[in-house]
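Novice: Structure provided below as structure tokens; questions to follow.
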Amino acid sequence: MRKSAPLLDTNVIIDILNGNKNALEYAEGLSTLLVPAVAVFEVLVGCTGERKNQKKKALQIFDACKIVEFSQADAVYASELYIKKPVDKHILDYFIAGTANTNSLEVATRNTQDFKAVKAFEPYKLK
């Protein structure tokens, strides 16, 4: 039986893109791969330089996912979180948290500390 789908943080998508065994097994067990639109941006920005050849594979992965758009309500929630505790280093995580909150989704991430304002969990450990 497949698990219900959480919102996948960028680091989980990158692990899938890099072929991490634990990430791939986790993704295969989900009913749907839900990806926040901002994570598409983050992953594709990372497909430059030495990783330029990963862009095609990343786009293929995204074609197999359901992309969850970033809405006005997501932006409002993200801005409220940012105003409470601004952290410039991970500003796009506020957008992902906003998307998760508005859509009543948990976040699957390896960095649960970045998502204290919403339900988040670490779906696997890297080896």
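As shown in the structure tokens, the chain order sets the letters A, B, ...; within each chain, residues go from 1, and ligands are also counted from 1 in the order they appear.
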Once you count only C-alpha atoms, what closest atom pair and distance in Å to one decimal does each residue of stretch 1-88 of chain A within 10 Å of stretch 99-118 of chain A have, with rows by chain and rising residue number, as CSV?
Specialist:
```
residue,atom,partner,partner_atom,distance
A:Ser4,CA,A:Leu105,CA,9.9
A:Ala5,CA,A:Leu105,CA,8.2
A:Pro6,CA,A:Glu106,CA,5.0
A:Leu7,CA,A:Val107,CA,4.8
A:Leu8,CA,A:Ala108,CA,5.0
A:Asp9,CA,A:Thr109,CA,5.1
A:Thr10,CA,A:Thr109,CA,7.7
A:Asn11,CA,A:Thr109,CA,6.5
A:Val12,CA,A:Thr109,CA,6.1
A:Ile13,CA,A:Thr109,CA,9.3
A:Asp15,CA,A:Arg110,CA,9.9
A:Leu34,CA,A:Leu105,CA,9.5
A:Val35,CA,A:Thr99,CA,9.8
A:Pro36,CA,A:Thr99,CA,6.9
A:Ala37,CA,A:Thr99,CA,9.0
A:Val38,CA,A:Thr99,CA,9.2
A:Val68,CA,A:Thr99,CA,7.6
A:Glu69,CA,A:Thr99,CA,7.8
A:Phe70,CA,A:Thr99,CA,6.2
A:Ser71,CA,A:Thr99,CA,7.5
A:Gln72,CA,A:Thr99,CA,9.7
A:Ala73,CA,A:Thr102,CA,6.7
A:Asp74,CA,A:Thr99,CA,5.0
A:Ala75,CA,A:Thr99,CA,8.1
A:Val76,CA,A:Thr102,CA,9.7
A:Tyr77,CA,A:Asn101,CA,7.7
A:Ala78,CA,A:Thr99,CA,8.2
A:Leu81,CA,A:Ala117,CA,7.7
A:Val87,CA,A:Asp114,CA,9.9
```
Novice: For the residues selected in the previous step, produce a file with C-alpha atoms as a compact mmCIF listing (two decimals), in the first residue's frame.
Specialist:
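Written out: part_32.txt:
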```txt
# COMPACT_ATOMS: atom_id res chain seq x y z
CA SER A 4 -0.22 9.47 1.14
CA ALA A 5 1.90 12.13 -0.46
CA PRO A 6 3.67 14.90 1.44
CA LEU A 7 5.16 17.98 -0.17
CA LEU A 8 8.74 17.16 -1.15
CA ASP A 9 11.43 19.60 -0.08
CA THR A 10 14.14 20.49 -2.56
CA ASN A 11 16.75 18.32 -0.84
CA VAL A 12 14.58 15.22 -1.32
CA ILE A 13 14.17 15.99 -5.02
CA ASP A 15 18.52 13.14 -3.68
CA LEU A 34 3.98 16.52 -4.81
CA VAL A 35 6.55 19.17 -5.59
CA PRO A 36 6.23 22.85 -4.68
CA ALA A 37 6.78 25.12 -7.68
CA VAL A 38 9.56 26.92 -5.81
CA VAL A 68 1.89 22.53 -6.42
CA GLU A 69 1.76 26.17 -7.49
CA PHE A 70 2.70 29.05 -5.18
CA SER A 71 -0.46 31.05 -4.46
CA GLN A 72 -1.27 34.39 -2.91
CA ALA A 73 -2.37 32.61 0.28
CA ASP A 74 0.98 30.79 0.35
CA ALA A 75 2.77 34.12 0.00
CA VAL A 76 0.75 35.69 2.83
CA TYR A 77 1.58 32.82 5.20
CA ALA A 78 5.25 32.80 4.14
CA LEU A 81 6.58 33.50 9.08
CA VAL A 87 16.47 34.18 8.06
```
Novice: I'd like the neighbourhood of stretch 46-53 of chain A as JSON, numbers by chain, where a residue qualifies if any of its atoms comes within 12 Å (using only C-alpha atoms), though same-chain residues fewer than 4 positions away should be ignored.
Specialist: {"A": [10, 11, 13, 14, 17, 18, 39, 40, 41, 42, 57, 58, 59]}
Novice: What is the atom CA of A:Leu30 to atom CA of A:Asp63 distance in Å?
Specialist: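 Distance reported for this atom pair: 15.8 Å.
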Novice: Could you work out how far atom CA of A:Tyr124 lies from atom CA of A:Glu25, giving the answer in Å with one decimal?
Specialist: 9.3 Å
Novice: Could you pull out the residues in stretch 4-124 of chain A that DSSP calls strand (DSSP E or B) from the backbone, as a list in words?
Specialist: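 Here are the strand (DSSP E or B) residues of stretch 4-124 of chain A: Leu7, Leu8, Leu30, Leu34, Val35, Pro36, Lys66, Ile67, Val68, Val107, Ala108, Ala120 and Phe121 of chain A.
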Novice: Run DSSP on the backbone of this structure and report the residues of stretch 20-127 of chain A it assigns to alpha helix (DSSP H), as a PyMOL selection string.
Specialist: chain A and resi 21-28+37-46+55-63+72-84+91-102
Novice: Could the residues in this selection be saved with C-alpha atoms as a PDB file, in the first residue's frame?
Specialist:
```
ATOM      1  CA  LYS A  21      18.896   4.616  -3.073  1.00  0.00           C
ATOM      2  CA  ASN A  22      16.997   5.654   0.071  1.00  0.00           C
ATOM      3  CA  ALA A  23      15.372   8.608  -1.694  1.00  0.00           C
ATOM      4  CA  LEU A  24      14.355   6.482  -4.666  1.00  0.00           C
ATOM      5  CA  GLU A  25      12.844   3.789  -2.423  1.00  0.00           C
ATOM      6  CA  TYR A  26      10.971   6.446  -0.468  1.00  0.00           C
ATOM      7  CA  ALA A  27       9.605   8.079  -3.636  1.00  0.00           C
ATOM      8  CA  GLU A  28       8.517   4.722  -5.072  1.00  0.00           C
ATOM      9  CA  ALA A  37       6.783  25.124  -7.682  1.00  0.00           C
ATOM     10  CA  VAL A  38       9.559  26.924  -5.814  1.00  0.00           C
ATOM     11  CA  ALA A  39      11.467  23.617  -5.548  1.00  0.00           C
ATOM     12  CA  VAL A  40      11.357  23.327  -9.343  1.00  0.00           C
ATOM     13  CA  PHE A  41      13.108  26.709  -9.428  1.00  0.00           C
ATOM     14  CA  GLU A  42      15.675  25.693  -6.817  1.00  0.00           C
ATOM     15  CA  VAL A  43      16.548  22.413  -8.530  1.00  0.00           C
ATOM     16  CA  LEU A  44      16.839  23.945 -12.001  1.00  0.00           C
ATOM     17  CA  VAL A  45      19.026  26.783 -10.700  1.00  0.00           C
ATOM     18  CA  GLY A  46      21.315  24.055  -9.381  1.00  0.00           C
ATOM     19  CA  LYS A  55      18.635  19.553 -16.221  1.00  0.00           C
ATOM     20  CA  LYS A  56      17.055  17.133 -18.706  1.00  0.00           C
ATOM     21  CA  LYS A  57      16.714  14.450 -16.019  1.00  0.00           C
ATOM     22  CA  ALA A  58      15.277  16.991 -13.566  1.00  0.00           C
ATOM     23  CA  LEU A  59      12.650  18.057 -16.097  1.00  0.00           C
ATOM     24  CA  GLN A  60      11.731  14.393 -16.663  1.00  0.00           C
ATOM     25  CA  ILE A  61      11.297  13.924 -12.925  1.00  0.00           C
ATOM     26  CA  PHE A  62       9.079  17.016 -12.716  1.00  0.00           C
ATOM     27  CA  ASP A  63       6.952  15.708 -15.600  1.00  0.00           C
ATOM     28  CA  GLN A  72      -1.266  34.387  -2.907  1.00  0.00           C
ATOM     29  CA  ALA A  73      -2.373  32.608   0.282  1.00  0.00           C
ATOM     30  CA  ASP A  74       0.980  30.788   0.355  1.00  0.00           C
ATOM     31  CA  ALA A  75       2.766  34.125   0.001  1.00  0.00           C
ATOM     32  CA  VAL A  76       0.752  35.690   2.825  1.00  0.00           C
ATOM     33  CA  TYR A  77       1.577  32.817   5.204  1.00  0.00           C
ATOM     34  CA  ALA A  78       5.246  32.804   4.145  1.00  0.00           C
ATOM     35  CA  SER A  79       5.518  36.543   4.738  1.00  0.00           C
ATOM     36  CA  GLU A  80       4.011  36.183   8.219  1.00  0.00           C
ATOM     37  CA  LEU A  81       6.578  33.501   9.083  1.00  0.00           C
ATOM     38  CA  TYR A  82       9.404  35.623   7.732  1.00  0.00           C
ATOM     39  CA  ILE A  83       8.317  38.700   9.681  1.00  0.00           C
ATOM     40  CA  LYS A  84       8.282  36.637  12.906  1.00  0.00           C
ATOM     41  CA  ILE A  91      14.269  32.294   2.350  1.00  0.00           C
ATOM     42  CA  LEU A  92      12.759  29.919  -0.220  1.00  0.00           C
ATOM     43  CA  ASP A  93      11.943  27.509   2.611  1.00  0.00           C
ATOM     44  CA  TYR A  94       9.382  30.079   3.763  1.00  0.00           C
ATOM     45  CA  PHE A  95       7.682  29.684   0.373  1.00  0.00           C
ATOM     46  CA  ILE A  96       7.650  25.903   0.712  1.00  0.00           C
ATOM     47  CA  ALA A  97       6.259  26.194   4.250  1.00  0.00           C
ATOM     48  CA  GLY A  98       3.557  28.542   2.959  1.00  0.00           C
ATOM     49  CA  THR A  99       2.630  26.075   0.226  1.00  0.00           C
ATOM     50  CA  ALA A 100       2.499  23.211   2.733  1.00  0.00           C
ATOM     51  CA  ASN A 101       0.380  25.184   5.193  1.00  0.00           C
ATOM     52  CA  THR A 102      -2.173  26.399   2.659  1.00  0.00           C
TER      53      THR A 102
END
```
Novice: How far is it from atom CA of A:Ile16 to atom CA of A:Pro86, in Å with one decimal?
Specialist: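 Distance reported for this atom pair: 29.4 Å.
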